[in-house]
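The next block holds one structure in the form of structure tokens; read it before the comments.
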Amino acid sequence: MKRTFATMSLFGLLIGLNLVPAAAQDSEAQKIEEGKRILERLINAFGGRDRLSEIQDTTVTCNINIIPANISGSLIISEKKNKIRQDIQIMGMDIIQAYNGETGWMTNPQTGAVVDMPEPVLEQFKRDALGNGALLYPEKYGITFTFSGRETVEGKEYLLLKQTHKDGFESTIYIDPDTFLIHKTLETTVTQTLEKTDQETTLSDYRDVDGTKVPFLVKIKQGGMDYADVSMTEYKYNTNLEDSHFDKPGVAGE
């Protein structure tokens with residue numbers, strides 16, 4: 001996220017910025033302003049700024065099907081104030097992955113041993129842990145939303161919103177112009193072997209839950225191939241999840 005430039009490189013960068021036509025700079029500023037307007041409508045579609053701000057923790061219970069391996073299991077996702085945990089039960093194994101706001105850890109599915117989360121996975125969990133905060137307070141986290149035009153998918157035109165993090169990570173959000181709900185997202189992720197790959201996540205079957213609008217079906221493609229189907233069975237808000245739920249076992253507060 002932080003880079004140090006040599007004096008000559010910085011000087012060259014400044015010259016380059018001065019050569020950008022004012023019209024182009026204005027155009028980019030307009031895209032950012034339009035992005036903010038679309039983002040606010042998206043927030044309203046999900047339940048509104050006031051309602052989303054009231055949610056202190058979320059627990060989502062799901063069924064998951066890993067398509068290439070043809071195996072199914074259960075998944076529980078817990079989120080609270082920049083913390084996130086995933087509990088997976090599949091093929092008789094219990095797999096936990098968690099980030100407590102400072103450090104990430106996971107269990108080895110074969111041995112059950114608790115190990116530190118690999119850095120590429122940790123970076124992904126840090127972004128996911130932002131939850132609604134990424135939408136409600138993007139400036140706080142160094143996130144920019146930019147309107148990136150429109151694209152037609154299967155005969156329907158969607159609004160494109162580019163989300164850019166301060167470390168340069170980008171994702172493209174496809175928004176339904178009729179409902180302003182998210183249709184799908186495109187981004188780069190890491191596989192179980194820590195290799196980078198393109199991921200397409202499609203959200204559907206939106207329902208009303210306790211003042212919010214949330215998807216009950218998520219389909220994931222990786223590298224252009226079907227990877228997983230996730231069906232949500234329950235959303236719970238504000239259940240007073242303890243911070244210790246996210247901590248590495250045996251090391252409180254870590």
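As shown in the structure tokens, the chain order sets the letters A, B, ...; within each chain, residues go from 1, and ligands are also counted from 1 in the order they appear.
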
Could you produce a table of the residues of range 182-213 of chain A lying within 12 Å of range 54-68 of chain A, with the nearest pair of atoms per residue and their separation in Å rounded to one decimal, using only C-alpha atoms, ordered by chain and increasing residue number, as a Markdown table?
```
| residue | atom | partner | partner_atom | distance |
| --- | --- | --- | --- | --- |
| A:Val209 | CA | A:Val60 | CA | 11.6 |
| A:Asp210 | CA | A:Ile55 | CA | 10.4 |
| A:Gly211 | CA | A:Ile55 | CA | 10.4 |
| A:Thr212 | CA | A:Ile55 | CA | 10.1 |
```

Exercise: Asp116 in chain A partners within 9 Å, only C-alpha atoms, chain neighbours under 2 positions left out, as an mmCIF file with N, CA and C atoms, in the first residue's frame:
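Written file, out.cif:
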```cif
data_model
loop_
_atom_site.group_PDB
_atom_site.id
_atom_site.type_symbol
_atom_site.label_atom_id
_atom_site.label_comp_id
_atom_site.auth_asym_id
_atom_site.auth_seq_id
_atom_site.Cartn_x
_atom_site.Cartn_y
_atom_site.Cartn_z
ATOM 1 N N THR A 103 -4.425 -9.902 13.280
ATOM 2 C CA THR A 103 -3.734 -11.071 12.749
ATOM 3 C C THR A 103 -4.741 -12.065 12.180
ATOM 4 N N GLY A 104 -4.247 -12.923 11.289
ATOM 5 C CA GLY A 104 -5.088 -13.944 10.683
ATOM 6 C C GLY A 104 -4.579 -15.332 11.018
ATOM 7 N N TRP A 105 -5.516 -16.261 11.172
ATOM 8 C CA TRP A 105 -5.139 -17.642 11.483
ATOM 9 C C TRP A 105 -6.115 -18.602 10.828
ATOM 10 N N MET A 106 -5.742 -19.872 10.782
ATOM 11 C CA MET A 106 -6.588 -20.871 10.163
ATOM 12 C C MET A 106 -6.222 -22.245 10.713
ATOM 13 N N THR A 107 -7.115 -23.198 10.530
ATOM 14 C CA THR A 107 -6.826 -24.559 10.951
ATOM 15 C C THR A 107 -6.430 -25.399 9.749
ATOM 16 N N VAL A 114 -3.603 -25.241 14.447
ATOM 17 C CA VAL A 114 -3.838 -23.829 14.156
ATOM 18 C C VAL A 114 -2.544 -23.212 13.625
ATOM 19 N N PRO A 118 -1.603 -17.499 5.477
ATOM 20 C CA PRO A 118 -0.651 -17.001 4.477
ATOM 21 C C PRO A 118 -0.971 -15.560 4.084
ATOM 22 N N GLU A 119 0.050 -14.785 3.796
ATOM 23 C CA GLU A 119 -0.118 -13.359 3.530
ATOM 24 C C GLU A 119 -1.118 -13.057 2.420
ATOM 25 N N LYS A 248 -7.204 -16.079 17.788
ATOM 26 C CA LYS A 248 -6.491 -17.343 17.635
ATOM 27 C C LYS A 248 -6.590 -18.134 18.938
#
```

Selected residue of minimal separation from Thr188 in chain A among A:Ile84, A:Val218, A:Val121, A:Val115, counting only C-alpha atoms: A:Val121

From A:Phe180, A:Thr202, A:Tyr141, A:Tyr99, residue lying nearest Val153 in chain A [only C-alpha atoms]: A:Thr202

Got a sec: who's within 8 Å of Lys31 in chain A, counting only C-alpha atoms, leaving out chain neighbours fewer than 5 positions off, as a PDB file with N, CA and C atoms, in the first residue's frame?
```pdb
ATOM      1  N   THR A 146     -15.587   4.588  -8.525  1.00  0.00           N
ATOM      2  CA  THR A 146     -15.604   5.360  -9.762  1.00  0.00           C
ATOM      3  C   THR A 146     -16.590   4.746 -10.748  1.00  0.00           C
ATOM      4  N   PHE A 147     -17.433   5.581 -11.333  1.00  0.00           N
ATOM      5  CA  PHE A 147     -18.349   5.109 -12.365  1.00  0.00           C
ATOM      6  C   PHE A 147     -17.543   4.760 -13.607  1.00  0.00           C
ATOM      7  N   SER A 148     -17.710   3.527 -14.112  1.00  0.00           N
ATOM      8  CA  SER A 148     -16.890   3.055 -15.234  1.00  0.00           C
ATOM      9  C   SER A 148     -17.715   2.707 -16.463  1.00  0.00           C
TER      10      SER A 148
END
```

Determine which residues of range 79-228 of chain A DSSP labels as strand (DSSP E or B) from the backbone of this structure, then write them out as number ranges by chain. A: 79-80, 83-90, 93-99, 104-107, 114-116, 144-153, 156-164, 170-175, 182-190, 196-209, 212-222, 225-228

For Asp176 in chain A, which residue out of A:Val230, A:Leu42, A:Ala134, A:Ile88 is the nearest one, using only C-alpha atoms? A:Leu42

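Between CA of Ser72 in chain A and CA of Met91 in chain A the separation is 7.7 Å.
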
Could you find all residues in range 29-238 of chain A that DSSP calls alpha helix (DSSP H) from the backbone, and write them as a PyMOL selection string? chain A and resi 29-46+49-54+119-128+133-136

Do you know which residues are at most 6 Å from Asp205 in chain A counting only C-alpha atoms, after dropping those on the same chain fewer than 6 positions away, and could you put them as a CSV table (one decimal) with C-alpha atoms, in the first residue's frame?
```csv
chain,number,residue,atom,x,y,z
A,215,PRO,CA,-28.8,-12.2,-1.5
A,216,PHE,CA,-29.7,-15.8,-0.8
A,217,LEU,CA,-27.8,-17.3,-3.7
```

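Reported to one decimal place, the separation of CA of Asn108 in chain A from CA of Asp94 in chain A is 8.9 Å.
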
Do you have the CA of Glu139 in chain A-CA of Pro177 in chain A distance handy? 24.4 Å

Spatial neighbours of Leu160 in chain A, 12 Å, only C-alpha atoms, chain gap at least 3 places, as a PyMOL selection string: chain A and resi 31+34-35+38-39+42+145-153+157+163+171-177+180-186

Write out the residues from the selection above, keeping C-alpha atoms, as a JSON list (two decimals), in the first residue's frame.
```
[["chain", "number", "residue", "atom", "x", "y", "z"],
["A", 31, "LYS", "CA", -16.62, 9.74, -12.80],
["A", 34, "GLU", "CA", -21.03, 9.87, -10.33],
["A", 35, "GLY", "CA", -19.58, 6.87, -8.53],
["A", 38, "ILE", "CA", -24.45, 5.43, -7.55],
["A", 39, "LEU", "CA", -22.90, 4.16, -4.32],
["A", 42, "LEU", "CA", -26.73, 1.10, -3.72],
["A", 145, "PHE", "CA", -15.64, 4.25, -6.12],
["A", 146, "THR", "CA", -15.60, 5.36, -9.76],
["A", 147, "PHE", "CA", -18.35, 5.11, -12.36],
["A", 148, "SER", "CA", -16.89, 3.05, -15.23],
["A", 149, "GLY", "CA", -19.69, 3.11, -17.78],
["A", 150, "ARG", "CA", -22.23, 0.47, -18.72],
["A", 151, "GLU", "CA", -22.06, -3.09, -19.97],
["A", 152, "THR", "CA", -24.73, -5.38, -21.38],
["A", 153, "VAL", "CA", -24.88, -8.89, -19.94],
["A", 157, "GLU", "CA", -27.46, -3.26, -19.32],
["A", 163, "GLN", "CA", -13.85, -0.08, -6.36],
["A", 171, "SER", "CA", -12.91, -4.91, -8.24],
["A", 172, "THR", "CA", -15.69, -4.14, -10.70],
["A", 173, "ILE", "CA", -19.26, -4.11, -9.41],
["A", 174, "TYR", "CA", -22.17, -4.65, -11.81],
["A", 175, "ILE", "CA", -25.26, -2.82, -10.53],
["A", 176, "ASP", "CA", -28.82, -3.39, -11.71],
["A", 177, "PRO", "CA", -30.09, 0.06, -12.81],
["A", 180, "PHE", "CA", -29.49, -0.69, -7.64],
["A", 181, "LEU", "CA", -28.63, -4.06, -6.14],
["A", 182, "ILE", "CA", -25.37, -5.82, -7.01],
["A", 183, "HIS", "CA", -25.68, -8.32, -9.87],
["A", 184, "LYS", "CA", -22.08, -9.50, -9.86],
["A", 185, "THR", "CA", -18.49, -8.57, -9.06],
["A", 186, "LEU", "CA", -15.22, -9.19, -10.88]]
```

Which one of A:Asn132, A:Gln199, A:Asn238, A:Ser204 sits closest to Gly48 in chain A if you count only C-alpha atoms? A:Asn132

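Of the listed residues A:Thr179, A:Ser231, A:Thr201, A:Thr164, the one whose atoms come nearest to Lys213 in chain A is A:Thr179, with distances taken using only C-alpha atoms.
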